[in-house]
Structure formats: C-alpha cells, structure tokens
$ cat target20.pdb   # PDB, C-alpha atoms
ATOM      1  CA  MET A   3       0.000   0.000   0.000  1.00  0.00           C
ATOM      2  CA  ILE A   4       1.064   3.527  -0.678  1.00  0.00           C
ATOM      3  CA  ALA A   5       0.250   6.381   1.677  1.00  0.00           C
ATOM      4  CA  LEU A   6       1.002  10.066   1.812  1.00  0.00           C
ATOM      5  CA  VAL A   7       0.804  11.299   5.400  1.00  0.00           C
ATOM      6  CA  GLN A   8       0.449  14.968   6.279  1.00  0.00           C
ATOM      7  CA  ARG A   9       0.549  16.376   9.796  1.00  0.00           C
ATOM      8  CA  VAL A  10      -2.292  18.882   9.931  1.00  0.00           C
ATOM      9  CA  ILE A  11      -3.781  21.500  12.186  1.00  0.00           C
ATOM     10  CA  GLN A  12      -7.113  20.702  10.577  1.00  0.00           C
ATOM     11  CA  ALA A  13      -8.417  18.865   7.516  1.00  0.00           C
ATOM     12  CA  SER A  14     -11.748  18.085   5.897  1.00  0.00           C
ATOM     13  CA  VAL A  15     -13.138  16.321   2.854  1.00  0.00           C
ATOM     14  CA  ASN A  16     -16.285  17.147   0.865  1.00  0.00           C
ATOM     15  CA  VAL A  17     -18.203  15.152  -1.733  1.00  0.00           C
ATOM     16  CA  ALA A  18     -20.756  17.006  -3.866  1.00  0.00           C
ATOM     17  CA  GLY A  19     -20.899  19.872  -1.365  1.00  0.00           C
ATOM     18  CA  ARG A  20     -21.428  17.524   1.601  1.00  0.00           C
ATOM     19  CA  GLU A  21     -18.750  17.220   4.264  1.00  0.00           C
ATOM     20  CA  THR A  22     -17.928  13.547   4.820  1.00  0.00           C
ATOM     21  CA  GLY A  23     -15.078  13.977   7.277  1.00  0.00           C
ATOM     22  CA  ARG A  24     -13.274  16.553   9.416  1.00  0.00           C
ATOM     23  CA  ILE A  25     -10.509  16.476  11.999  1.00  0.00           C
ATOM     24  CA  GLY A  26      -8.642  19.003  14.075  1.00  0.00           C
ATOM     25  CA  PRO A  27      -4.952  18.408  14.773  1.00  0.00           C
ATOM     26  CA  GLY A  28      -3.818  15.024  13.508  1.00  0.00           C
ATOM     27  CA  LEU A  29      -2.913  13.200  10.317  1.00  0.00           C
ATOM     28  CA  LEU A  30      -4.429  13.406   6.853  1.00  0.00           C
ATOM     29  CA  VAL A  31      -3.672  10.056   5.213  1.00  0.00           C
ATOM     30  CA  LEU A  32      -4.074   9.588   1.469  1.00  0.00           C
ATOM     31  CA  VAL A  33      -4.178   5.838   0.748  1.00  0.00           C
ATOM     32  CA  CYS A  34      -3.726   3.768  -2.411  1.00  0.00           C
ATOM     33  CA  ALA A  35      -3.936  -0.015  -2.585  1.00  0.00           C
ATOM     34  CA  GLU A  36      -1.787  -1.858  -5.098  1.00  0.00           C
ATOM     35  CA  PRO A  37      -2.802  -5.063  -6.940  1.00  0.00           C
ATOM     36  CA  ALA A  38      -0.801  -7.461  -4.716  1.00  0.00           C
ATOM     37  CA  ASP A  39      -1.927  -5.894  -1.425  1.00  0.00           C
ATOM     38  CA  THR A  40      -3.769  -7.907   1.210  1.00  0.00           C
ATOM     39  CA  ASP A  41      -5.279  -7.327   4.629  1.00  0.00           C
ATOM     40  CA  GLU A  42      -1.751  -7.717   5.996  1.00  0.00           C
ATOM     41  CA  GLN A  43      -0.608  -4.519   4.251  1.00  0.00           C
ATOM     42  CA  ALA A  44      -3.682  -2.716   5.606  1.00  0.00           C
ATOM     43  CA  ARG A  45      -2.792  -3.869   9.127  1.00  0.00           C
ATOM     44  CA  LYS A  46       0.856  -2.839   8.733  1.00  0.00           C
ATOM     45  CA  LEU A  47      -0.198   0.580   7.455  1.00  0.00           C
ATOM     46  CA  VAL A  48      -2.473   1.234  10.427  1.00  0.00           C
ATOM     47  CA  ASP A  49       0.236   0.020  12.828  1.00  0.00           C
ATOM     48  CA  LYS A  50       2.737   2.407  11.250  1.00  0.00           C
ATOM     49  CA  LEU A  51       0.327   5.355  11.212  1.00  0.00           C
ATOM     50  CA  LEU A  52      -0.536   5.012  14.890  1.00  0.00           C
ATOM     51  CA  LYS A  53       3.140   4.776  15.897  1.00  0.00           C
ATOM     52  CA  LEU A  54       4.621   7.346  13.481  1.00  0.00           C
ATOM     53  CA  ARG A  55       6.392   9.930  15.646  1.00  0.00           C
ATOM     54  CA  VAL A  56       5.813  13.225  13.833  1.00  0.00           C
ATOM     55  CA  PHE A  57       4.374  15.396  16.610  1.00  0.00           C
ATOM     56  CA  SER A  58       6.583  17.575  18.792  1.00  0.00           C
ATOM     57  CA  ASP A  59       7.328  16.752  22.403  1.00  0.00           C
ATOM     58  CA  ASP A  60       7.993  19.375  25.100  1.00  0.00           C
ATOM     59  CA  ALA A  61      11.549  19.791  23.789  1.00  0.00           C
ATOM     60  CA  GLY A  62      10.291  20.511  20.257  1.00  0.00           C
ATOM     61  CA  LYS A  63      11.497  17.173  18.832  1.00  0.00           C
ATOM     62  CA  MET A  64       9.267  15.068  16.599  1.00  0.00           C
ATOM     63  CA  ASN A  65       8.915  12.325  19.170  1.00  0.00           C
ATOM     64  CA  LEU A  66       5.165  11.778  19.673  1.00  0.00           C
ATOM     65  CA  SER A  67       2.608   9.780  17.696  1.00  0.00           C
ATOM     66  CA  VAL A  68      -0.966  10.668  16.764  1.00  0.00           C
ATOM     67  CA  THR A  69      -2.002   8.321  19.570  1.00  0.00           C
ATOM     68  CA  ASP A  70       0.225  10.142  22.084  1.00  0.00           C
ATOM     69  CA  VAL A  71      -1.328  13.518  21.227  1.00  0.00           C
ATOM     70  CA  ALA A  72      -4.899  12.166  20.846  1.00  0.00           C
ATOM     71  CA  GLY A  73      -5.002  13.570  17.307  1.00  0.00           C
ATOM     72  CA  GLY A  74      -7.457  12.706  14.579  1.00  0.00           C
ATOM     73  CA  LEU A  75      -7.012  10.606  11.466  1.00  0.00           C
ATOM     74  CA  LEU A  76      -8.642  11.631   8.196  1.00  0.00           C
ATOM     75  CA  VAL A  77      -8.251   8.739   5.739  1.00  0.00           C
ATOM     76  CA  VAL A  78      -8.913   9.453   2.054  1.00  0.00           C
ATOM     77  CA  SER A  79      -8.620   6.980  -0.829  1.00  0.00           C
ATOM     78  CA  GLN A  80      -6.386   8.233  -3.635  1.00  0.00           C
ATOM     79  CA  PHE A  81      -5.529   5.854  -6.470  1.00  0.00           C
ATOM     80  CA  THR A  82      -3.432   8.558  -8.152  1.00  0.00           C
ATOM     81  CA  LEU A  83      -0.617   7.833  -5.672  1.00  0.00           C
ATOM     82  CA  ALA A  84       0.175   4.878  -7.961  1.00  0.00           C
ATOM     83  CA  ALA A  85       0.672   7.163 -10.972  1.00  0.00           C
ATOM     84  CA  ASP A  86       3.428   6.248 -13.406  1.00  0.00           C
ATOM     85  CA  THR A  87       4.640   9.209 -15.434  1.00  0.00           C
ATOM     86  CA  SER A  88       7.626   7.502 -17.038  1.00  0.00           C
ATOM     87  CA  GLY A  89       5.850   6.901 -20.354  1.00  0.00           C
ATOM     88  CA  GLY A  90       4.930  10.456 -21.233  1.00  0.00           C
ATOM     89  CA  ASN A  91       2.793  13.321 -20.054  1.00  0.00           C
ATOM     90  CA  ARG A  92      -0.379  11.396 -19.284  1.00  0.00           C
ATOM     91  CA  PRO A  93      -0.031   9.318 -16.099  1.00  0.00           C
ATOM     92  CA  SER A  94      -0.830   5.625 -16.095  1.00  0.00           C
ATOM     93  CA  PHE A  95      -2.645   4.239 -13.067  1.00  0.00           C
ATOM     94  CA  THR A  96      -2.158   0.538 -13.754  1.00  0.00           C
ATOM     95  CA  GLY A  97      -0.147   0.325 -10.527  1.00  0.00           C
ATOM     96  CA  ALA A  98      -3.308   0.918  -8.496  1.00  0.00           C
ATOM     97  CA  ALA A  99      -5.436  -2.001  -7.345  1.00  0.00           C
ATOM     98  CA  PRO A 100      -8.663  -2.702  -9.262  1.00  0.00           C
ATOM     99  CA  ALA A 101     -11.596  -0.787  -7.771  1.00  0.00           C
ATOM    100  CA  GLN A 102     -13.152  -3.757  -5.949  1.00  0.00           C
ATOM    101  CA  LEU A 103      -9.894  -4.653  -4.188  1.00  0.00           C
ATOM    102  CA  GLY A 104      -9.042  -1.002  -3.585  1.00  0.00           C
ATOM    103  CA  ARG A 105     -12.405  -0.390  -1.913  1.00  0.00           C
ATOM    104  CA  ARG A 106     -12.132  -3.489   0.262  1.00  0.00           C
ATOM    105  CA  LEU A 107      -8.639  -2.604   1.475  1.00  0.00           C
ATOM    106  CA  TYR A 108      -9.534   1.065   2.034  1.00  0.00           C
ATOM    107  CA  GLU A 109     -12.510  -0.037   4.148  1.00  0.00           C
ATOM    108  CA  ARG A 110     -10.251  -2.475   6.003  1.00  0.00           C
ATOM    109  CA  VAL A 111      -7.816   0.347   6.838  1.00  0.00           C
ATOM    110  CA  LEU A 112     -10.741   2.366   8.223  1.00  0.00           C
ATOM    111  CA  GLU A 113     -12.042  -0.602  10.222  1.00  0.00           C
ATOM    112  CA  LEU A 114      -8.641  -1.335  11.755  1.00  0.00           C
ATOM    113  CA  ALA A 115      -7.976   2.321  12.529  1.00  0.00           C
ATOM    114  CA  ARG A 116     -11.373   2.729  14.205  1.00  0.00           C
ATOM    115  CA  GLU A 117     -10.791  -0.365  16.332  1.00  0.00           C
ATOM    116  CA  ARG A 118      -7.647   1.199  17.781  1.00  0.00           C
ATOM    117  CA  HIS A 119      -8.035   4.971  17.591  1.00  0.00           C
ATOM    118  CA  ALA A 120     -10.517   7.822  17.704  1.00  0.00           C
ATOM    119  CA  PRO A 121     -11.414  10.017  16.009  1.00  0.00           C
ATOM    120  CA  VAL A 122     -11.144   8.533  12.534  1.00  0.00           C
ATOM    121  CA  ALA A 123     -12.883  10.393   9.712  1.00  0.00           C
ATOM    122  CA  CYS A 124     -12.925   9.497   6.024  1.00  0.00           C
ATOM    123  CA  GLY A 125     -13.651  10.419   2.466  1.00  0.00           C
ATOM    124  CA  GLU A 126     -15.795   8.380   0.081  1.00  0.00           C
ATOM    125  CA  PHE A 127     -14.139   5.710  -2.046  1.00  0.00           C
ATOM    126  CA  GLY A 128     -14.283   6.444  -5.773  1.00  0.00           C
ATOM    127  CA  ALA A 129     -15.912   9.851  -5.349  1.00  0.00           C
ATOM    128  CA  ASP A 130     -14.745  13.190  -6.701  1.00  0.00           C
ATOM    129  CA  MET A 131     -13.594  14.758  -3.433  1.00  0.00           C
ATOM    130  CA  GLN A 132     -12.369  18.151  -2.360  1.00  0.00           C
ATOM    131  CA  VAL A 133      -9.818  17.921   0.429  1.00  0.00           C
ATOM    132  CA  SER A 134      -8.923  20.969   2.498  1.00  0.00           C
ATOM    133  CA  LEU A 135      -6.070  21.050   4.952  1.00  0.00           C
ATOM    134  CA  VAL A 136      -3.755  23.238   6.925  1.00  0.00           C
ATOM    135  CA  ASN A 137      -0.448  21.373   6.843  1.00  0.00           C
ATOM    136  CA  ASP A 138       1.471  21.763  10.091  1.00  0.00           C
ATOM    137  CA  GLY A 139       5.200  22.272   9.605  1.00  0.00           C
ATOM    138  CA  PRO A 140       4.813  21.412   6.767  1.00  0.00           C
ATOM    139  CA  VAL A 141       5.286  17.730   7.522  1.00  0.00           C
ATOM    140  CA  THR A 142       4.514  15.431   4.596  1.00  0.00           C
ATOM    141  CA  ILE A 143       5.767  11.845   4.571  1.00  0.00           C
ATOM    142  CA  PRO A 144       5.446   9.323   1.729  1.00  0.00           C
ATOM    143  CA  MET A 145       5.100   5.703   2.869  1.00  0.00           C
ATOM    144  CA  ARG A 146       4.986   2.338   1.142  1.00  0.00           C
ATOM    145  CA  VAL A 147       4.002  -0.707   3.158  1.00  0.00           C
ATOM    146  CA  LEU A 148       5.064  -4.049   1.698  1.00  0.00           C
TER     147      LEU A 148
END
$ encode --input "target20.pdb" --output "structure tokens"
Amino acid sequence: MIALVQRVIQASVNVAGRETGRIGPGLLVLVCAEPADTDEQARKLVDKLLKLRVFSDDAGKMNLSVTDVAGGLLVVSQFTLAADTSGGNRPSFTGAAPAQLGRRLYERVLELARERHAPVACGEFGADMQVSLVNDGPVTIPMRVL
C-alpha cells in the first residue's frame, strides 16, 4: 500500500458539497492499494500510522505519535498515488489495485484504525472529493508498506 501522510492542524473532505469527514490536529492520510496488497498490508499501514512519531514533544522534537497527542485521522482513498509518469505526459494508473480490491482494502484500513483509535474520519471511495487542509510544519511523509 502507498500512503502520503500529512501532519495537519485541521483537515476536511467534501463530496458534492457535503462534508464527509473533518478532523482538528492530527494526520491526513491519502491511501492507495496496489494489486498485490492484502489485509496484511492494511494492518501494517495502520500500525505504522498510529506509531509514526511526527508530533513535537515538550523539547520541540518530533517524538510523539498521533495516539500520544490524541489527534485525529482523516483517511482518504487516492488511487493517483500509484501514478506512473515515465511513459509520457499522461499518467498511467495501472499500478493501483482494481476498484473492488481497492475499496475493500480502504474499508479495512478504516475498520482497523477505528478499532484502535478515535477520532477517525474518512472520504468516500471512488468519489470526486475536495480535500482541504492546513499542513502543520509542513510535515509530509510518503510511505509504502510491503
């Protein structure tokens, strides 16, 4: 699975003018499943997200996790993270999982995250979404879970 993690002061996602998710301080996580991914990659991703130390401690060092600071998670599906631009100017998305698998794994990430953390907000799989955020730092971290 591929993820792009952004530490945010706040973030929200809208679909057709309707807000589907909002968090205050926490992590905005854009997620893309790849064709060979399984529930194991979803579990590893959630484990990593909840332990990722990107929040400042009292000494100003990035030493605390989203769990430590009781921050929110906003999880948004984004198949374009699998874009391949090596063949020209139009990206290919063949590296992304087929929609049925992508949806199942995205929903599994949400399920696992909600079992272990709150709050967890989300976008809507396959929808045209508008994501708003205030990136804190900025801190933006690409991740690939194998």
$ closest_atom_pairs --input "target20.pdb" --of "range 101-148 of chain A" --to "range 19-39 of chain A" --cutoff "6 Å" --atoms "all atoms listed in the file" --output "tab-separated table"
residue	atom	partner	partner_atom	distance
A:Gly104	CA	A:Ala35	CA	5.3
A:Ala123	CA	A:Gly23	CA	4.9
A:Cys124	CA	A:Gly23	CA	5.1
A:Gly125	CA	A:Thr22	CA	5.8
$ atom_distance --input "target20.pdb" --atom1 "CA of Ala120 in chain A" --atom2 "CA of Leu76 in chain A"
10.4 Å
$ residues_around --input "target20.pdb" --residues "Ser94 in chain A" --least-positions-apart "2" --cutoff "6 Å" --atoms "all atoms listed in the file" --output "number ranges by chain"
A: 85-86, 96
$ residues_near_point --input "target20.pdb" --point "(5.4, 4.3, 6.4)" --cutoff "10 Å" --atoms "all atoms listed in the file" --output "list in words"
Met3, Ile4, Ala5, Leu6, Val7, Lys46, Leu47, Val48, Asp49, Lys50, Leu51, Lys53, Leu54, Ile143, Pro144, Met145, Arg146, Val147 and Leu148 of chain A
$ residues_around --input "target20.pdb" --residues "Asp59 in chain A" --least-positions-apart "4" --cutoff "12 Å" --atoms "all atoms listed in the file" --output "VMD selection string"
chain A and resid 55 63 to 68 70 to 71
$ resolve_selection --input "target20.pdb" --expression "the PyMOL selection byres ((chain A and resi 82) around 8)" --output "JSON list (two decimals) with C-alpha atoms, keeping the file's coordinate frame"
[["chain", "number", "residue", "atom", "x", "y", "z"],
["A", 34, "CYS", "CA", -3.73, 3.77, -2.41],
["A", 80, "GLN", "CA", -6.39, 8.23, -3.64],
["A", 81, "PHE", "CA", -5.53, 5.85, -6.47],
["A", 83, "LEU", "CA", -0.62, 7.83, -5.67],
["A", 84, "ALA", "CA", 0.18, 4.88, -7.96],
["A", 85, "ALA", "CA", 0.67, 7.16, -10.97],
["A", 95, "PHE", "CA", -2.64, 4.24, -13.07],
["A", 98, "ALA", "CA", -3.31, 0.92, -8.50]]
$ closest_residue --input "target20.pdb" --among "A:Ala61, A:Ala72, A:Leu52, A:Val78" --to "Met131 in chain A" --atoms "only C-alpha atoms"
A:Val78
$ closest_residue --input "target20.pdb" --among "A:Ala44, A:Val136, A:Val10, A:Val15" --to "Tyr108 in chain A" --atoms "only C-alpha atoms"
A:Ala44
